[in-house]
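Engineer: This is the structure, below, for whatever I ask next.
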Amino acid sequence: MATESHEPQTVNYAETDEEFEELLAQAEADPNAARLAQETMQRLEFLSGVQQWRREKHLSQKALASLLGTTQSAVSDFESGRVDPQLSTLQRYARALDARFDFKLVNPDSPLPAEASTNARFAQETALTPLLTTLVRQSDEQARTLKSLAEAMLLPEPVIRPLLSILQAEGWARGVGEGPERVYSLVDEIAYVIGISLERDQIVGVLMNLDGQAMRQVTSSYPEGKTSQATISAAADVVEQLCHASDRRILGVGVSVAGVVDPKVGRVDYAPELQSELDPWSGIELGNDLEEEISRRLPEPLKVAVENDANALAAWEYLRRGDDSVAVALLSGTGIGAGFVMEGKLFHGAHSAAGESGHTLVDHEGLPCRAGHEHRGCLETMASIEGILGRLGIPAGTSEQRTAGLIIANERISNGDERSQTALHNAGKAYGRFLATTVLLFDPERAVTYIHPYLASREYACARAFQDGVQSALSEASSSRLSVAAPPRYEWHALDDLVRATAAGATGLWNFLKHPIRWAPSLLASQEVHWAAA
């Protein structure tokens with residue numbers, strides 16, 4: 001049985017941009033503008049090609065700089081288009097790569113080589129990722145001028161200007177103002193993304209816009225047995241409901257699940273909250289199987305991206321805030337995981353198991369591992385909600401029991417019960433030791449903890465006890481940080497069903513931004529390049 005909430009809002013996003021339409025009409029009527037657009041695409045093609053040639057020669061920018069007798073930053077400036085090199089520089093660059101640089105004057109009416117349009121299109125797609133990512137991450141107050149966009153993306157203005165024109169012509173972006181002061185922003189309602197969170201007790205789906213705002217939420221129970229195939233069918237049911245409720249195009253589906261996930265192929269290798277006697281949930285091709293199931297039900301196929309739940313939250317934190325490096329810890333009640341975005345990239349590790357931190361040893365004299373492993377004092381045993389309540393003799397087998405148990409613990413602490421106070425404080429210290437080590441290793445700008453609302457908000461006595469324990473451990477570890485390294489900003493956020501599903505949607509949005517044409521083929525469907533003077 002599925003339940004729905006968050007009725008979709010009626011949004012009129014097709015704003016009239018008279019200045020843009022006027023500029024576009026002028027450009028299309030001017031043959032010089034078309035030629036300028038063509039030349040820009042040729043530069044994009046060339047810049048993309050030289051970098052690929054260097055990589056095929058297994059040369060780093062530093063190694064190439066040594067061959068050229070220049071600096072790595074000079075090579076970077078050249079390859080990014082930030083500088084306009086002399087012809088002799090281009091020839092030297094080509095020789096260093098065991099190539100030849102050809103140049104000649106041709107009749108302007110001569111057609112481009114057959115491969116030029118394909119390469120130029122590839123260059124457009126390459127530049128679209130940083131442009132769309134920058135637009136998605138900015139708030140309304142951060143709407144960008146062409147100059148600031150170029151600086152943020154480390155690309156020259158002539159590369160970005162035609163792409164902005166395309167995005168405006170297709171309704172993805174809007175521009176306000178005139179000349180250099182004209183600012184650009186994304187039209188959040190141009191498309192939606194679906195997020196599907198596969199949780200221990202239920203499936204939660206959300207329909208969200210590009211700003212992460214939930215338009216509708218659907219909750220569904222698992223079929224009996226919770227086998228992978230039955231779960232995929234139930235997840236497709238939720239996707240189908242959300243698609244029928246949408247009045248916008250759907251870019252694709254993001255799925256989050258606790259465990260080890262290979263996001264490159266969408267395979268689930270280990271899912272402790274989903275496995276059962278009927279299905280161990282190992283080696284499940286969740287992404288491909290869900291795509292196929294959706295394609296059988298809907299007229300248009302949808303891309304599906306699958307991600308570990310903590311990594312999904314890390315992607316969400318990166319997209320919604322301006323920090324390039326963020327560490328996110330998820331304390332789900334039974335398990336503990338972590339996700340990391342470092343310099344704008346999700347960190348997965350060699351085997352897609354980075355952040356699987358539940359059995360990190362935080363107290364060698366602690367309790368035996370709850371999962372039966374041959375160690376003591378692991379993070380999950382010492383700091384999970386189930387572990388805490390178990391030590392207090394409070395049932396915690398289901399999410400309802402864990403919430404009820406925290407209410408009991410909160411009342412006990414409020415009434416002066418030292419045993420409950422100590423249990424929450426020591427659990428916080430155990431988590432704080434892990435958090436301090438994480439901060440020391442990754443040096444994030446922010447360290448965000450997602451946890452049950454009764455432990456996230458200091459209005460609750462149990463949250464104050466837990467968080468004070470965390471702060472105690474962080475203070476003890478502060479001397480291990482270099483004096484030049486400022487601590488990150490620590491944040492506490494409540495973990496609920498909507499947050500999990502929204503983070504799953506952020507996984508879909510993340511993959512769209514990395515591969516925009518794969519997820520939205522119509523984005524550059526026209527080979528015509530619109531050119532507008534910004």
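Following the order of the structure tokens, chains are lettered A, B, ..., residues in each are numbered from 1, and ligands are numbered from 1.
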Do a neighbour search on A:Arg137 at 9 Å with only C-alpha atoms, toss out local chain neighbours closer than 3 positions, and write the hits as a list in words.

Structural biologist: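 Selected residues are Leu132, Thr133, Thr134, Asp211, Tyr318, Leu319, Arg320, Arg321 and Gly322 of chain A.
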
Engineer: Quick one: residues within 8 Å of A:Thr145, only C-alpha atoms counted, chain neighbours fewer than 5 positions away excluded, as a list in words?

Structural biologist: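 Once the nearby chain positions are removed, what remains is Pro180, Glu181, Arg182, Val183 and Tyr184 of chain A.
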
Engineer: Which is closer to A:Ala404 than all the others in A:Arg433, A:His452, A:Arg376, A:Lys104, using only C-alpha atoms?

Structural biologist: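 Checking each candidate against A:Ala404, we get A:His452 as the closest.
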
Engineer: Could you check which of A:Asp309, A:Glu343, A:Glu459, A:Asp468 is closest to A:Gly195, using only C-alpha atoms?

Structural biologist: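 For A:Gly195, the nearest of the candidates is A:Asp309.
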
Engineer: Could you list, as a list in words, every residue within 10 Å of A:Lys226, counting only C-alpha atoms and ignoring same-chain residues fewer than 4 positions away?

Structural biologist: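 Contacts, with the query itself left out: Arg200, Asp201, Ser221, Tyr222, Ala230, Thr231, Ile232, Ala234, Leu274, Gln275, Ser276, Glu277, Leu278, Asp279 and Trp281 of chain A.
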
Engineer: The selected residues should be written to file as an mmCIF file, in the first residue's frame (atoms: N, CA, C and O atoms).

Structural biologist:
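And here's selection.cif as it stands now:
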```cif
data_model
loop_
_atom_site.group_PDB
_atom_site.id
_atom_site.type_symbol
_atom_site.label_atom_id
_atom_site.label_comp_id
_atom_site.auth_asym_id
_atom_site.auth_seq_id
_atom_site.Cartn_x
_atom_site.Cartn_y
_atom_site.Cartn_z
ATOM 1 N N ARG A 200 15.265 -0.018 5.375
ATOM 2 C CA ARG A 200 15.068 -1.325 6.004
ATOM 3 C C ARG A 200 13.594 -1.740 6.004
ATOM 4 O O ARG A 200 13.260 -2.893 5.726
ATOM 5 N N ASP A 201 12.707 -0.790 6.300
ATOM 6 C CA ASP A 201 11.300 -1.130 6.501
ATOM 7 C C ASP A 201 10.374 -0.679 5.369
ATOM 8 O O ASP A 201 9.203 -1.068 5.351
ATOM 9 N N SER A 221 5.331 -0.116 1.070
ATOM 10 C CA SER A 221 5.867 -1.234 1.847
ATOM 11 C C SER A 221 6.528 -2.241 0.911
ATOM 12 O O SER A 221 6.239 -2.291 -0.283
ATOM 13 N N TYR A 222 7.419 -3.066 1.479
ATOM 14 C CA TYR A 222 8.080 -4.104 0.684
ATOM 15 C C TYR A 222 7.135 -5.282 0.461
ATOM 16 O O TYR A 222 6.290 -5.590 1.302
ATOM 17 N N ALA A 230 11.432 -8.679 -6.477
ATOM 18 C CA ALA A 230 10.182 -8.105 -5.978
ATOM 19 C C ALA A 230 10.389 -6.656 -5.556
ATOM 20 O O ALA A 230 9.511 -5.802 -5.762
ATOM 21 N N THR A 231 11.548 -6.355 -4.981
ATOM 22 C CA THR A 231 11.854 -4.984 -4.567
ATOM 23 C C THR A 231 11.994 -4.067 -5.778
ATOM 24 O O THR A 231 11.510 -2.925 -5.771
ATOM 25 N N ILE A 232 12.643 -4.544 -6.822
ATOM 26 C CA ILE A 232 12.786 -3.758 -8.049
ATOM 27 C C ILE A 232 11.413 -3.453 -8.638
ATOM 28 O O ILE A 232 11.151 -2.333 -9.096
ATOM 29 N N ALA A 234 8.593 -3.250 -6.975
ATOM 30 C CA ALA A 234 7.929 -2.296 -6.092
ATOM 31 C C ALA A 234 8.508 -0.893 -6.281
ATOM 32 O O ALA A 234 7.775 0.102 -6.256
ATOM 33 N N LEU A 274 18.652 -5.043 3.488
ATOM 34 C CA LEU A 274 17.709 -5.642 2.544
ATOM 35 C C LEU A 274 17.825 -7.158 2.465
ATOM 36 O O LEU A 274 16.885 -7.828 2.029
ATOM 37 N N GLN A 275 18.965 -7.696 2.870
ATOM 38 C CA GLN A 275 19.171 -9.138 2.717
ATOM 39 C C GLN A 275 18.226 -9.935 3.632
ATOM 40 O O GLN A 275 17.824 -9.478 4.702
ATOM 41 N N SER A 276 17.881 -11.109 3.157
ATOM 42 C CA SER A 276 16.987 -11.996 3.901
ATOM 43 C C SER A 276 17.374 -13.437 3.601
ATOM 44 O O SER A 276 18.299 -13.704 2.815
ATOM 45 N N GLU A 277 16.668 -14.364 4.221
ATOM 46 C CA GLU A 277 16.931 -15.774 3.951
ATOM 47 C C GLU A 277 16.617 -16.124 2.501
ATOM 48 O O GLU A 277 17.200 -17.044 1.932
ATOM 49 N N LEU A 278 15.694 -15.392 1.898
ATOM 50 C CA LEU A 278 15.313 -15.668 0.513
ATOM 51 C C LEU A 278 16.274 -15.057 -0.494
ATOM 52 O O LEU A 278 16.383 -15.541 -1.620
ATOM 53 N N ASP A 279 16.960 -13.981 -0.105
ATOM 54 C CA ASP A 279 17.816 -13.266 -1.057
ATOM 55 C C ASP A 279 18.953 -12.582 -0.300
ATOM 56 O O ASP A 279 18.713 -11.697 0.531
ATOM 57 N N TRP A 281 21.027 -10.510 -1.446
ATOM 58 C CA TRP A 281 21.283 -9.186 -2.012
ATOM 59 C C TRP A 281 22.783 -8.970 -2.275
ATOM 60 O O TRP A 281 23.385 -7.997 -1.830
#
```

Engineer: Excluding stretch 436-448 of chain A and its own-chain neighbours fewer than 3 positions away, which residues fall within 6 Å of it when counting only C-alpha atoms? Please give them as a PyMOL selection string.

Structural biologist: chain A and resi 325-328+432-433+474+488-492

Engineer: Those residues with N, CA and C atoms, as a compact mmCIF listing (two decimals), in the first residue's frame please?

Structural biologist:
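The new file out18.txt reads:
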```txt
# COMPACT_ATOMS: atom_id res chain seq x y z
N SER A 325 34.50 20.60 -0.48
CA SER A 325 34.91 19.40 0.25
C SER A 325 34.03 19.26 1.49
N VAL A 326 33.37 18.11 1.62
CA VAL A 326 32.47 17.90 2.74
C VAL A 326 32.49 16.43 3.13
N ALA A 327 32.49 16.18 4.45
CA ALA A 327 32.39 14.82 4.96
C ALA A 327 31.03 14.66 5.63
N VAL A 328 30.33 13.58 5.30
CA VAL A 328 29.00 13.35 5.84
C VAL A 328 28.98 11.98 6.51
N GLY A 432 32.68 10.62 18.38
CA GLY A 432 33.58 11.77 18.27
C GLY A 432 35.00 11.37 17.90
N ARG A 433 35.46 10.22 18.42
CA ARG A 433 36.81 9.75 18.06
C ARG A 433 36.88 9.43 16.57
N LEU A 474 36.31 15.45 20.36
CA LEU A 474 36.93 16.38 19.41
C LEU A 474 37.94 17.27 20.11
N PRO A 488 36.85 22.16 10.72
CA PRO A 488 35.71 22.34 9.81
C PRO A 488 34.51 22.87 10.58
N ARG A 489 33.48 23.23 9.86
CA ARG A 489 32.22 23.59 10.49
C ARG A 489 31.45 22.29 10.75
N TYR A 490 31.10 22.07 12.00
CA TYR A 490 30.36 20.87 12.38
C TYR A 490 28.87 21.17 12.35
N GLU A 491 28.10 20.28 11.72
CA GLU A 491 26.65 20.47 11.62
C GLU A 491 25.93 19.18 12.00
N TRP A 492 24.74 19.36 12.57
CA TRP A 492 23.87 18.23 12.93
C TRP A 492 22.55 18.39 12.19
```

Engineer: Expressed in Å to a single decimal, how great is the separation between atom CA of A:Val484 and atom CA of A:Met342?

Structural biologist: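 Atom-to-atom, atom CA of A:Val484 to atom CA of A:Met342, that is 19.3 Å.
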
Engineer: Based on DSSP run over this structure's backbone, return all residues of stretch 349-488 of chain A in strand (DSSP E or B), as a ChimeraX atom specification.

Structural biologist: /A:361,368,376,378,446-451

Engineer: Let me see the file: selected residues, N, CA, C and O atoms, as a short mmCIF file (atom, residue, chain, number, x, y, z; two decimals), in the first residue's frame.

Structural biologist:
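Contents of the output file out23.cif:
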```
data_model
loop_
_atom_site.label_atom_id
_atom_site.label_comp_id
_atom_site.auth_asym_id
_atom_site.auth_seq_id
_atom_site.Cartn_x
_atom_site.Cartn_y
_atom_site.Cartn_z
N LEU A 361 37.33 0.48 14.83
CA LEU A 361 37.55 0.27 16.26
C LEU A 361 37.79 1.61 16.95
O LEU A 361 38.72 2.32 16.63
N PRO A 368 31.86 -6.46 23.00
CA PRO A 368 32.03 -7.30 21.80
C PRO A 368 31.14 -6.82 20.66
O PRO A 368 30.06 -6.29 20.89
N ARG A 376 36.30 -5.94 19.48
CA ARG A 376 35.54 -5.26 20.52
C ARG A 376 35.54 -3.75 20.24
O ARG A 376 36.47 -3.23 19.65
N CYS A 378 33.69 -1.63 18.37
CA CYS A 378 33.58 -1.00 17.06
C CYS A 378 32.53 0.11 17.11
O CYS A 378 31.70 0.18 18.02
N ARG A 446 33.39 21.17 5.77
CA ARG A 446 32.28 20.90 6.68
C ARG A 446 32.25 19.43 7.04
O ARG A 446 32.59 18.58 6.22
N ALA A 447 31.85 19.14 8.27
CA ALA A 447 31.63 17.77 8.71
C ALA A 447 30.19 17.70 9.20
O ALA A 447 29.83 18.32 10.20
N VAL A 448 29.35 16.96 8.48
CA VAL A 448 27.91 16.95 8.71
C VAL A 448 27.49 15.58 9.24
O VAL A 448 27.86 14.55 8.67
N THR A 449 26.72 15.59 10.30
CA THR A 449 26.19 14.35 10.87
C THR A 449 24.68 14.31 10.67
O THR A 449 23.96 15.24 11.07
N TYR A 450 24.20 13.24 10.03
CA TYR A 450 22.77 12.98 9.90
C TYR A 450 22.40 11.88 10.89
O TYR A 450 22.99 10.79 10.88
N ILE A 451 21.42 12.17 11.75
CA ILE A 451 21.10 11.25 12.83
C ILE A 451 19.63 11.45 13.21
O ILE A 451 18.99 12.41 12.79
#
```

Engineer: Go through A:Ser332, A:Asn308, A:Gln91, A:Gln229 and flag the residue nearest A:Glu292, using only C-alpha atoms for the distances.

Structural biologist: A:Gln229

Engineer: Under the rule that only C-alpha atoms are counted, which of A:Asp84, A:Leu186, A:Val255, A:Glu293 is the nearest residue to A:Asp237?

Structural biologist: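 The closest residue to A:Asp237 is A:Glu293.
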
Engineer: Let me make sure I understand: among A:Val268, A:Leu424, A:Leu435, A:Ile250, which one has the smallest atom-to-atom distance to A:Ile190 if we use only C-alpha atoms?

Structural biologist: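 Using only C-alpha atoms, the shortest distance to A:Ile190 belongs to A:Ile250.
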
Engineer: From the set A:Asn410, A:Leu455, A:Ser148, A:Arg518, which residue has the shortest atom-to-atom contact distance to A:Pro301, counting only C-alpha atoms?

Structural biologist: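 Of A:Asn410, A:Leu455, A:Ser148, A:Arg518, the one nearest A:Pro301 is A:Arg518, counting only C-alpha atoms.
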
Engineer: Would you mind reading off the distance between atom CA of A:Thr89 and atom CA of A:Leu68, one decimal, in Å?

Structural biologist: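 Separating atom CA of A:Thr89 from atom CA of A:Leu68 is a distance of 9.2 Å.
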